[in-house]
$ cat target-v7.pdb   # PDB, C-alpha atoms, pLDDT in the B column
ATOM      1  CA  MET A   1     -37.869 -20.434 -73.589  1.00 88.00           C
ATOM      2  CA  THR A   2     -37.203 -17.133 -71.856  1.00 94.00           C
ATOM      3  CA  VAL A   3     -39.233 -13.992 -71.247  1.00 96.00           C
ATOM      4  CA  LEU A   4     -37.704 -12.678 -74.468  1.00 96.00           C
ATOM      5  CA  SER A   5     -38.701 -15.625 -76.651  1.00 95.00           C
ATOM      6  CA  PRO A   6     -41.189 -14.753 -79.411  1.00 94.00           C
ATOM      7  CA  PRO A   7     -43.987 -14.006 -79.469  1.00 94.00           C
ATOM      8  CA  ARG A   8     -43.278 -11.075 -77.151  1.00 95.00           C
ATOM      9  CA  PRO A   9     -45.696  -8.474 -75.805  1.00 96.00           C
ATOM     10  CA  VAL A  10     -45.522  -5.247 -77.820  1.00 97.00           C
ATOM     11  CA  VAL A  11     -43.928  -3.299 -74.958  1.00 97.00           C
ATOM     12  CA  ILE A  12     -41.101  -5.843 -74.680  1.00 98.00           C
ATOM     13  CA  GLU A  13     -40.626  -5.912 -78.454  1.00 97.00           C
ATOM     14  CA  ARG A  14     -40.338  -2.122 -78.499  1.00 97.00           C
ATOM     15  CA  ALA A  15     -37.998  -2.090 -75.479  1.00 97.00           C
ATOM     16  CA  LEU A  16     -35.746  -4.693 -77.072  1.00 97.00           C
ATOM     17  CA  ARG A  17     -35.586  -2.620 -80.261  1.00 96.00           C
ATOM     18  CA  ASP A  18     -34.716   0.561 -78.322  1.00 96.00           C
ATOM     19  CA  ALA A  19     -32.222  -1.302 -76.127  1.00 96.00           C
ATOM     20  CA  ARG A  20     -30.446  -2.552 -79.263  1.00 96.00           C
ATOM     21  CA  ALA A  21     -30.211   0.988 -80.617  1.00 94.00           C
ATOM     22  CA  TRP A  22     -29.189   2.663 -77.350  1.00 93.00           C
ATOM     23  CA  CYS A  23     -26.723  -0.043 -76.309  1.00 94.00           C
ATOM     24  CA  ALA A  24     -24.953  -0.138 -79.686  1.00 93.00           C
ATOM     25  CA  GLY A  25     -21.268   0.633 -79.258  1.00 93.00           C
ATOM     26  CA  HIS A  26     -21.428   0.568 -75.439  1.00 93.00           C
ATOM     27  CA  THR A  27     -20.055  -2.017 -73.039  1.00 92.00           C
ATOM     28  CA  ILE A  28     -20.960  -3.009 -69.489  1.00 88.00           C
ATOM     29  CA  ASP A  29     -18.674  -5.383 -67.596  1.00 79.00           C
ATOM     30  CA  ASP A  30     -16.457  -5.670 -70.702  1.00 81.00           C
ATOM     31  CA  ARG A  31     -19.295  -7.077 -72.790  1.00 86.00           C
ATOM     32  CA  PRO A  32     -21.785  -5.477 -75.136  1.00 92.00           C
ATOM     33  CA  ALA A  33     -24.267  -3.432 -73.100  1.00 95.00           C
ATOM     34  CA  LEU A  34     -27.156  -5.195 -74.812  1.00 96.00           C
ATOM     35  CA  ALA A  35     -25.948  -8.548 -73.445  1.00 96.00           C
ATOM     36  CA  HIS A  36     -26.120  -7.126 -69.913  1.00 96.00           C
ATOM     37  CA  ALA A  37     -29.638  -5.736 -70.457  1.00 97.00           C
ATOM     38  CA  VAL A  38     -30.868  -9.025 -71.926  1.00 97.00           C
ATOM     39  CA  ARG A  39     -29.343 -11.026 -69.060  1.00 97.00           C
ATOM     40  CA  VAL A  40     -31.079  -8.832 -66.478  1.00 98.00           C
ATOM     41  CA  ALA A  41     -34.440  -9.306 -68.206  1.00 98.00           C
ATOM     42  CA  VAL A  42     -33.934 -13.065 -68.603  1.00 98.00           C
ATOM     43  CA  THR A  43     -32.821 -13.405 -64.967  1.00 98.00           C
ATOM     44  CA  ILE A  44     -36.107 -11.886 -63.823  1.00 98.00           C
ATOM     45  CA  GLY A  45     -37.959 -14.427 -65.960  1.00 97.00           C
ATOM     46  CA  ASP A  46     -35.828 -17.255 -64.585  1.00 98.00           C
ATOM     47  CA  HIS A  47     -37.067 -16.516 -61.065  1.00 98.00           C
ATOM     48  CA  VAL A  48     -40.490 -14.899 -61.481  1.00 97.00           C
ATOM     49  CA  ALA A  49     -43.392 -16.782 -63.029  1.00 94.00           C
ATOM     50  CA  ALA A  50     -45.122 -14.562 -65.602  1.00 93.00           C
ATOM     51  CA  PRO A  51     -43.355 -11.299 -64.706  1.00 97.00           C
ATOM     52  CA  PRO A  52     -45.173  -8.123 -65.713  1.00 97.00           C
ATOM     53  CA  PRO A  53     -44.096  -7.034 -69.219  1.00 97.00           C
ATOM     54  CA  GLU A  54     -43.417  -3.551 -67.825  1.00 97.00           C
ATOM     55  CA  VAL A  55     -40.754  -4.953 -65.482  1.00 98.00           C
ATOM     56  CA  ILE A  56     -39.071  -6.837 -68.341  1.00 98.00           C
ATOM     57  CA  ALA A  57     -39.173  -3.727 -70.542  1.00 98.00           C
ATOM     58  CA  ALA A  58     -37.689  -1.628 -67.727  1.00 98.00           C
ATOM     59  CA  ALA A  59     -34.951  -4.235 -67.227  1.00 98.00           C
ATOM     60  CA  LEU A  60     -34.065  -4.054 -70.915  1.00 98.00           C
ATOM     61  CA  LEU A  61     -33.890  -0.263 -70.730  1.00 97.00           C
ATOM     62  CA  HIS A  62     -32.497   0.213 -67.209  1.00 96.00           C
ATOM     63  CA  ASP A  63     -29.194   1.669 -68.435  1.00 94.00           C
ATOM     64  CA  ALA A  64     -30.885   4.006 -70.944  1.00 92.00           C
ATOM     65  CA  PRO A  65     -30.186   7.132 -68.850  1.00 91.00           C
ATOM     66  CA  GLU A  66     -26.473   6.450 -69.310  1.00 91.00           C
ATOM     67  CA  LEU A  67     -26.561   5.100 -72.872  1.00 90.00           C
ATOM     68  CA  ALA A  68     -29.346   6.852 -74.787  1.00 85.00           C
ATOM     69  CA  PRO A  69     -28.628  10.107 -76.581  1.00 79.00           C
ATOM     70  CA  ALA A  70     -28.661  12.975 -74.066  1.00 71.00           C
ATOM     71  CA  SER A  71     -31.072  15.100 -76.046  1.00 67.00           C
ATOM     72  CA  PRO A  72     -34.012  15.097 -75.730  1.00 77.00           C
ATOM     73  CA  ASP A  73     -34.443  14.226 -72.075  1.00 87.00           C
ATOM     74  CA  VAL A  74     -34.311  10.446 -71.788  1.00 90.00           C
ATOM     75  CA  TYR A  75     -37.038  10.276 -69.129  1.00 91.00           C
ATOM     76  CA  GLN A  76     -39.358  12.295 -71.343  1.00 91.00           C
ATOM     77  CA  VAL A  77     -38.627   9.887 -74.194  1.00 91.00           C
ATOM     78  CA  LEU A  78     -39.207   6.879 -71.936  1.00 94.00           C
ATOM     79  CA  THR A  79     -42.480   8.304 -70.614  1.00 94.00           C
ATOM     80  CA  THR A  80     -43.711   9.100 -74.116  1.00 94.00           C
ATOM     81  CA  ARG A  81     -42.773   5.705 -75.560  1.00 94.00           C
ATOM     82  CA  TYR A  82     -43.528   3.485 -72.570  1.00 96.00           C
ATOM     83  CA  GLY A  83     -45.678   5.375 -70.101  1.00 95.00           C
ATOM     84  CA  PRO A  84     -44.918   6.660 -66.627  1.00 97.00           C
ATOM     85  CA  GLU A  85     -44.531   3.281 -64.872  1.00 97.00           C
ATOM     86  CA  ILE A  86     -41.570   2.059 -66.928  1.00 97.00           C
ATOM     87  CA  ALA A  87     -39.928   5.490 -66.762  1.00 96.00           C
ATOM     88  CA  ARG A  88     -40.444   5.470 -62.980  1.00 97.00           C
ATOM     89  CA  ILE A  89     -38.833   2.036 -62.566  1.00 98.00           C
ATOM     90  CA  ILE A  90     -35.834   3.086 -64.661  1.00 97.00           C
ATOM     91  CA  ALA A  91     -35.471   6.358 -62.729  1.00 96.00           C
ATOM     92  CA  ALA A  92     -35.497   4.434 -59.440  1.00 97.00           C
ATOM     93  CA  LEU A  93     -32.855   2.001 -60.709  1.00 97.00           C
ATOM     94  CA  GLN A  94     -30.719   4.892 -61.919  1.00 96.00           C
ATOM     95  CA  ALA A  95     -31.021   6.616 -58.530  1.00 96.00           C
ATOM     96  CA  GLU A  96     -29.934   3.361 -56.877  1.00 96.00           C
ATOM     97  CA  HIS A  97     -26.888   3.125 -59.174  1.00 94.00           C
ATOM     98  CA  GLN A  98     -25.898   6.715 -58.405  1.00 94.00           C
ATOM     99  CA  ALA A  99     -26.357   6.193 -54.651  1.00 95.00           C
ATOM    100  CA  LEU A 100     -23.640   3.513 -54.736  1.00 94.00           C
ATOM    101  CA  ASP A 101     -21.116   6.339 -55.190  1.00 91.00           C
ATOM    102  CA  ARG A 102     -22.095   7.850 -51.825  1.00 91.00           C
ATOM    103  CA  PRO A 103     -21.331   6.618 -48.328  1.00 88.00           C
ATOM    104  CA  HIS A 104     -24.042   4.425 -46.810  1.00 90.00           C
ATOM    105  CA  PRO A 105     -26.327   4.044 -49.855  1.00 94.00           C
ATOM    106  CA  PRO A 106     -29.956   3.514 -48.871  1.00 95.00           C
ATOM    107  CA  ILE A 107     -31.611   0.143 -49.296  1.00 96.00           C
ATOM    108  CA  ARG A 108     -35.156   0.222 -50.653  1.00 94.00           C
ATOM    109  CA  VAL A 109     -37.215  -2.935 -50.897  1.00 96.00           C
ATOM    110  CA  ASP A 110     -40.718  -1.458 -50.785  1.00 96.00           C
ATOM    111  CA  ASP A 111     -41.240  -1.163 -54.561  1.00 97.00           C
ATOM    112  CA  GLN A 112     -41.698  -4.649 -56.045  1.00 97.00           C
ATOM    113  CA  PRO A 113     -41.041  -3.843 -59.742  1.00 98.00           C
ATOM    114  CA  VAL A 114     -37.870  -1.934 -58.851  1.00 98.00           C
ATOM    115  CA  LEU A 115     -36.814  -4.632 -56.375  1.00 98.00           C
ATOM    116  CA  LEU A 116     -37.091  -7.412 -58.965  1.00 98.00           C
ATOM    117  CA  ALA A 117     -35.086  -5.483 -61.559  1.00 98.00           C
ATOM    118  CA  SER A 118     -32.524  -4.346 -58.999  1.00 98.00           C
ATOM    119  CA  THR A 119     -31.979  -7.855 -57.661  1.00 98.00           C
ATOM    120  CA  ALA A 120     -31.595  -9.265 -61.174  1.00 98.00           C
ATOM    121  CA  ASP A 121     -29.178  -6.464 -62.083  1.00 97.00           C
ATOM    122  CA  LYS A 122     -27.004  -7.305 -59.068  1.00 97.00           C
ATOM    123  CA  ILE A 123     -27.043 -11.024 -59.879  1.00 98.00           C
ATOM    124  CA  VAL A 124     -25.970 -10.364 -63.467  1.00 97.00           C
ATOM    125  CA  ALA A 125     -23.333  -7.733 -62.697  1.00 95.00           C
ATOM    126  CA  LEU A 126     -21.724  -9.628 -59.822  1.00 96.00           C
ATOM    127  CA  THR A 127     -21.788 -12.940 -61.710  1.00 96.00           C
ATOM    128  CA  SER A 128     -20.115 -11.224 -64.651  1.00 94.00           C
ATOM    129  CA  LEU A 129     -17.417  -9.786 -62.386  1.00 92.00           C
ATOM    130  CA  LEU A 130     -16.735 -13.246 -60.951  1.00 93.00           C
ATOM    131  CA  ARG A 131     -16.572 -14.782 -64.434  1.00 93.00           C
ATOM    132  CA  ARG A 132     -14.102 -12.120 -65.606  1.00 91.00           C
ATOM    133  CA  ALA A 133     -11.989 -12.561 -62.471  1.00 91.00           C
ATOM    134  CA  ARG A 134     -11.819 -16.329 -63.056  1.00 91.00           C
ATOM    135  CA  ALA A 135     -10.737 -15.694 -66.656  1.00 92.00           C
ATOM    136  CA  THR A 136      -7.680 -13.790 -65.402  1.00 90.00           C
ATOM    137  CA  GLY A 137      -6.391 -16.916 -63.691  1.00 90.00           C
ATOM    138  CA  ASN A 138      -6.108 -15.142 -60.326  1.00 89.00           C
ATOM    139  CA  VAL A 139      -9.483 -14.317 -58.815  1.00 87.00           C
ATOM    140  CA  THR A 140      -8.035 -12.869 -55.610  1.00 85.00           C
ATOM    141  CA  ARG A 141      -5.692 -10.478 -57.412  1.00 88.00           C
ATOM    142  CA  SER A 142      -8.500  -9.405 -59.735  1.00 90.00           C
ATOM    143  CA  PHE A 143     -10.708  -8.400 -56.823  1.00 90.00           C
ATOM    144  CA  ALA A 144      -7.820  -6.864 -54.890  1.00 90.00           C
ATOM    145  CA  ARG A 145      -7.731  -4.329 -57.744  1.00 90.00           C
ATOM    146  CA  ARG A 146     -11.370  -3.436 -57.052  1.00 89.00           C
ATOM    147  CA  PRO A 147     -11.396  -1.879 -53.580  1.00 89.00           C
ATOM    148  CA  VAL A 148     -14.576   0.115 -54.270  1.00 89.00           C
ATOM    149  CA  LEU A 149     -16.477  -3.038 -55.164  1.00 89.00           C
ATOM    150  CA  CYS A 150     -15.076  -4.850 -52.127  1.00 90.00           C
ATOM    151  CA  ALA A 151     -16.209  -1.993 -49.907  1.00 90.00           C
ATOM    152  CA  LEU A 152     -19.740  -2.315 -51.335  1.00 94.00           C
ATOM    153  CA  LEU A 153     -20.111  -6.009 -50.530  1.00 94.00           C
ATOM    154  CA  PRO A 154     -21.615  -5.392 -47.055  1.00 94.00           C
ATOM    155  CA  HIS A 155     -24.187  -3.105 -48.712  1.00 96.00           C
ATOM    156  CA  PHE A 156     -25.073  -5.789 -51.268  1.00 97.00           C
ATOM    157  CA  ARG A 157     -25.370  -8.366 -48.485  1.00 97.00           C
ATOM    158  CA  ALA A 158     -27.643  -6.047 -46.476  1.00 97.00           C
ATOM    159  CA  PHE A 159     -29.725  -5.559 -49.624  1.00 98.00           C
ATOM    160  CA  GLN A 160     -29.981  -9.323 -50.118  1.00 98.00           C
ATOM    161  CA  HIS A 161     -31.147  -9.817 -46.513  1.00 98.00           C
ATOM    162  CA  ALA A 162     -33.716  -7.010 -46.784  1.00 98.00           C
ATOM    163  CA  ALA A 163     -34.988  -8.276 -50.146  1.00 98.00           C
ATOM    164  CA  GLN A 164     -35.129 -11.948 -49.131  1.00 97.00           C
ATOM    165  CA  PRO A 165     -38.741 -12.006 -47.903  1.00 97.00           C
ATOM    166  CA  ARG A 166     -39.914  -9.904 -50.863  1.00 97.00           C
ATOM    167  CA  VAL A 167     -38.409 -11.688 -53.870  1.00 98.00           C
ATOM    168  CA  PRO A 168     -38.792 -15.294 -55.006  1.00 98.00           C
ATOM    169  CA  THR A 169     -36.763 -17.727 -52.915  1.00 98.00           C
ATOM    170  CA  SER A 170     -34.724 -18.843 -55.926  1.00 98.00           C
ATOM    171  CA  MET A 171     -33.813 -15.235 -56.774  1.00 98.00           C
ATOM    172  CA  SER A 172     -32.664 -14.517 -53.221  1.00 98.00           C
ATOM    173  CA  ALA A 173     -30.697 -17.775 -53.187  1.00 98.00           C
ATOM    174  CA  HIS A 174     -29.032 -16.881 -56.495  1.00 98.00           C
ATOM    175  CA  LEU A 175     -27.890 -13.496 -55.172  1.00 98.00           C
ATOM    176  CA  ASP A 176     -26.835 -15.126 -51.892  1.00 98.00           C
ATOM    177  CA  ALA A 177     -24.637 -17.651 -53.733  1.00 98.00           C
ATOM    178  CA  VAL A 178     -22.909 -14.952 -55.796  1.00 97.00           C
ATOM    179  CA  LEU A 179     -22.312 -12.824 -52.711  1.00 97.00           C
ATOM    180  CA  ALA A 180     -21.009 -15.796 -50.722  1.00 96.00           C
ATOM    181  CA  ARG A 181     -18.406 -16.458 -53.417  1.00 93.00           C
ATOM    182  CA  LEU A 182     -17.417 -12.777 -53.510  1.00 93.00           C
ATOM    183  CA  GLU A 183     -17.185 -12.656 -49.720  1.00 93.00           C
ATOM    184  CA  GLN A 184     -14.965 -15.734 -49.753  1.00 90.00           C
ATOM    185  CA  VAL A 185     -12.635 -14.129 -52.294  1.00 85.00           C
ATOM    186  CA  THR A 186     -12.494 -10.776 -50.523  1.00 85.00           C
ATOM    187  CA  THR A 187     -11.896 -12.425 -47.154  1.00 83.00           C
ATOM    188  CA  GLY A 188      -8.803 -13.925 -48.718  1.00 67.00           C
ATOM    189  CA  ILE A 189      -7.783 -10.485 -49.911  1.00 72.00           C
ATOM    190  CA  HIS A 190      -8.190  -9.062 -46.419  1.00 49.00           C
ATOM    191  CA  THR A 191      -6.170 -11.904 -44.905  1.00 40.00           C
ATOM    192  CA  ALA A 192      -3.421 -11.527 -47.509  1.00 38.00           C
ATOM    193  CA  SER A 193      -3.199  -7.764 -46.962  1.00 39.00           C
ATOM    194  CA  THR A 194      -2.690  -8.153 -43.183  1.00 37.00           C
ATOM    195  CA  ARG A 195       0.318 -10.457 -43.508  1.00 32.00           C
TER     196      ARG A 195
END
$ encode --input "target-v7.pdb" --output "C-alpha cells"
Amino acid sequence: MTVLSPPRPVVIERALRDARAWCAGHTIDDRPALAHAVRVAVTIGDHVAAPPPEVIAAALLHDAPELAPASPDVYQVLTTRYGPEIARIIAALQAEHQALDRPHPPIRVDDQPVLLASTADKIVALTSLLRRARATGNVTRSFARRPVLCALLPHFRAFQHAAQPRVPTSMSAHLDAVLARLEQVTTGIHTASTR
C-alpha cells in the first residue's frame, strides 16, 4: 500500500488525474514524467506517516508549471482547482528548481510541506540519475558528462544537512545514502581528471 493506493482522498484523485493529463508526452530523467511525479509522492508516503493530502497532491503536480499548457496561467488554474496552499507549495518548488541555475542557490528548510516535497524530489531525481548511470556500464564516465550536476552536489549535501532535523530520520538517511554514492562517484571523476 502506498499513499496513492485506493481509496484516495478527493484532492489526490484529482491531482493524479491532472498529473496524468499534464505529464502525457513529457519525460523527466528519460522516463515518463508521470512516473517521476508518482515516485515523488510515494517517497513522501514511504517516510512520513499519514502525510497531508495537500502535500501528496502538490508532489504529483510539482512539475505542472513546466508541463501544463501555458495558457491560462498555471498558478491560477492550480489555485482554482486545488486552493492556495497547493499552488503555494508548487510555486515554492518551482522557485527552488529555477534557483539551481544560479550561483549559490538558497537553502530553505522553514516550510515543512515544501521541505518534504523537495527532499522527496531530490531522492527520486538523484536515484534515477544513479540508476541510469549504472545502466550505461560506466558510472564514472556518465557523471563526468554532467559537470553542472557535479557542481551542485555540495549544495544538495548542504540541503540534506539543513533538512536533517526537520524531516523524518529515514528520509534524511535516504537522501544521505544517495548523496554519498554520488560523492563517491564524483570524487573518482575529480581524481581521474587530475592525473
$ residues_near_point --input "target-v7.pdb" --point "(-29.8, -6.9, -65.0)" --cutoff "7 Å" --atoms "all atoms listed in the file" --output "list in words"
His36, Ala37, Arg39, Val40, Ala41, Ala59, Ala117, Ala120, Asp121, Lys122, Val124 and Ala125 of chain A
$ closest_residue --input "target-v7.pdb" --among "A:Ala163, A:Val3, A:Ala19, A:Asp101" --to "Val55 (chain A)" --atoms "only C-alpha atoms"
A:Val3
$ resolve_selection --input "target-v7.pdb" --expression "the PyMOL selection byres ((chain A and resi 143) around 12)" --output "ChimeraX atom specification"
/A:126,129-134,136-142,144-151,153,181-190
$ closest_residue --input "target-v7.pdb" --among "A:Ala70, A:Leu116, A:Ala135, A:Leu179" --to "Thr43 (chain A)" --atoms "all atoms listed in the file"
A:Leu116
$ residues_around --input "target-v7.pdb" --residues "Ile107 (chain A)" --least-positions-apart "5" --cutoff "9 Å" --atoms "all atoms listed in the file" --output "MDAnalysis selection string"
chainID A and resid 96 155 158:159 162
$ decode --input "target-v7.pdb" --residues "region 27-39 of chain A" --atoms "all heavy atoms" --output "tab-separated table (two decimals), in the first residue's frame"
chain	number	residue	atom	x	y	z
A	27	THR	N	8.87	13.76	-20.63
A	27	THR	CA	9.77	12.88	-19.88
A	27	THR	C	10.58	13.70	-18.88
A	27	THR	O	10.84	14.88	-19.09
A	27	THR	CB	10.76	12.14	-20.81
A	27	THR	OG1	11.54	13.10	-21.52
A	27	THR	CG2	10.04	11.22	-21.78
A	28	ILE	N	10.94	13.04	-17.80
A	28	ILE	CA	11.84	13.58	-16.78
A	28	ILE	C	12.81	12.46	-16.47
A	28	ILE	O	12.38	11.33	-16.19
A	28	ILE	CB	11.08	14.04	-15.52
A	28	ILE	CG1	10.16	15.21	-15.84
A	28	ILE	CG2	12.05	14.41	-14.40
A	28	ILE	CD1	9.28	15.67	-14.70
A	29	ASP	N	14.09	12.73	-16.53
A	29	ASP	CA	15.12	11.72	-16.28
A	29	ASP	C	14.94	10.52	-17.22
A	29	ASP	O	15.06	9.37	-16.80
A	29	ASP	CB	15.10	11.27	-14.81
A	29	ASP	CG	15.41	12.39	-13.85
A	29	ASP	OD1	16.16	13.30	-14.24
A	29	ASP	OD2	14.90	12.35	-12.72
A	30	ASP	N	14.61	10.79	-18.47
A	30	ASP	CA	14.45	9.77	-19.51
A	30	ASP	C	13.34	8.77	-19.24
A	30	ASP	O	13.33	7.66	-19.79
A	30	ASP	CB	15.77	9.00	-19.74
A	30	ASP	CG	16.85	9.87	-20.35
A	30	ASP	OD1	16.51	10.87	-21.01
A	30	ASP	OD2	18.03	9.55	-20.16
A	31	ARG	N	12.41	9.14	-18.41
A	31	ARG	CA	11.24	8.29	-18.14
A	31	ARG	C	9.99	9.15	-18.24
A	31	ARG	O	10.06	10.37	-18.16
A	31	ARG	CB	11.33	7.68	-16.74
A	31	ARG	CG	12.47	6.70	-16.64
A	31	ARG	CD	12.30	5.83	-15.46
A	31	ARG	NE	13.29	4.77	-15.54
A	31	ARG	CZ	13.20	3.66	-14.90
A	31	ARG	NH1	12.17	3.43	-14.13
A	31	ARG	NH2	14.12	2.74	-15.02
A	32	PRO	N	8.84	8.52	-18.38
A	32	PRO	CA	7.62	9.33	-18.43
A	32	PRO	C	7.52	10.25	-17.21
A	32	PRO	O	7.81	9.84	-16.09
A	32	PRO	CB	6.50	8.29	-18.43
A	32	PRO	CG	7.14	7.05	-18.99
A	32	PRO	CD	8.58	7.09	-18.51
A	33	ALA	N	7.15	11.50	-17.45
A	33	ALA	CA	7.07	12.49	-16.38
A	33	ALA	C	6.12	12.05	-15.28
A	33	ALA	O	6.35	12.34	-14.10
A	33	ALA	CB	6.65	13.85	-16.95
A	34	LEU	N	5.07	11.33	-15.63
A	34	LEU	CA	4.14	10.86	-14.61
A	34	LEU	C	4.83	9.91	-13.64
A	34	LEU	O	4.57	9.96	-12.43
A	34	LEU	CB	2.92	10.19	-15.25
A	34	LEU	CG	1.88	9.69	-14.25
A	34	LEU	CD1	1.28	10.85	-13.44
A	34	LEU	CD2	0.77	8.92	-14.98
A	35	ALA	N	5.73	9.07	-14.13
A	35	ALA	CA	6.45	8.14	-13.25
A	35	ALA	C	7.25	8.91	-12.22
A	35	ALA	O	7.29	8.54	-11.03
A	35	ALA	CB	7.35	7.22	-14.06
A	36	HIS	N	7.88	10.00	-12.64
A	36	HIS	CA	8.64	10.84	-11.69
A	36	HIS	C	7.70	11.42	-10.63
A	36	HIS	O	7.99	11.34	-9.43
A	36	HIS	CB	9.36	11.96	-12.44
A	36	HIS	CG	10.02	12.94	-11.54
A	36	HIS	ND1	11.24	12.70	-10.93
A	36	HIS	CD2	9.62	14.17	-11.11
A	36	HIS	CE1	11.56	13.74	-10.17
A	36	HIS	NE2	10.61	14.64	-10.27
A	37	ALA	N	6.59	12.00	-11.06
A	37	ALA	CA	5.64	12.62	-10.13
A	37	ALA	C	5.11	11.59	-9.12
A	37	ALA	O	5.04	11.87	-7.92
A	37	ALA	CB	4.48	13.25	-10.91
A	38	VAL	N	4.76	10.42	-9.61
A	38	VAL	CA	4.24	9.36	-8.73
A	38	VAL	C	5.32	8.93	-7.74
A	38	VAL	O	5.04	8.75	-6.55
A	38	VAL	CB	3.73	8.17	-9.58
A	38	VAL	CG1	3.52	6.93	-8.72
A	38	VAL	CG2	2.43	8.56	-10.28
A	39	ARG	N	6.56	8.78	-8.21
A	39	ARG	CA	7.64	8.37	-7.30
A	39	ARG	C	7.87	9.41	-6.19
A	39	ARG	O	8.15	9.05	-5.05
A	39	ARG	CB	8.92	8.15	-8.08
A	39	ARG	CG	8.96	6.83	-8.79
A	39	ARG	CD	10.34	6.54	-9.35
A	39	ARG	NE	10.31	5.30	-10.11
A	39	ARG	CZ	10.26	5.24	-11.43
A	39	ARG	NH1	10.26	6.34	-12.15
A	39	ARG	NH2	10.22	4.08	-12.05
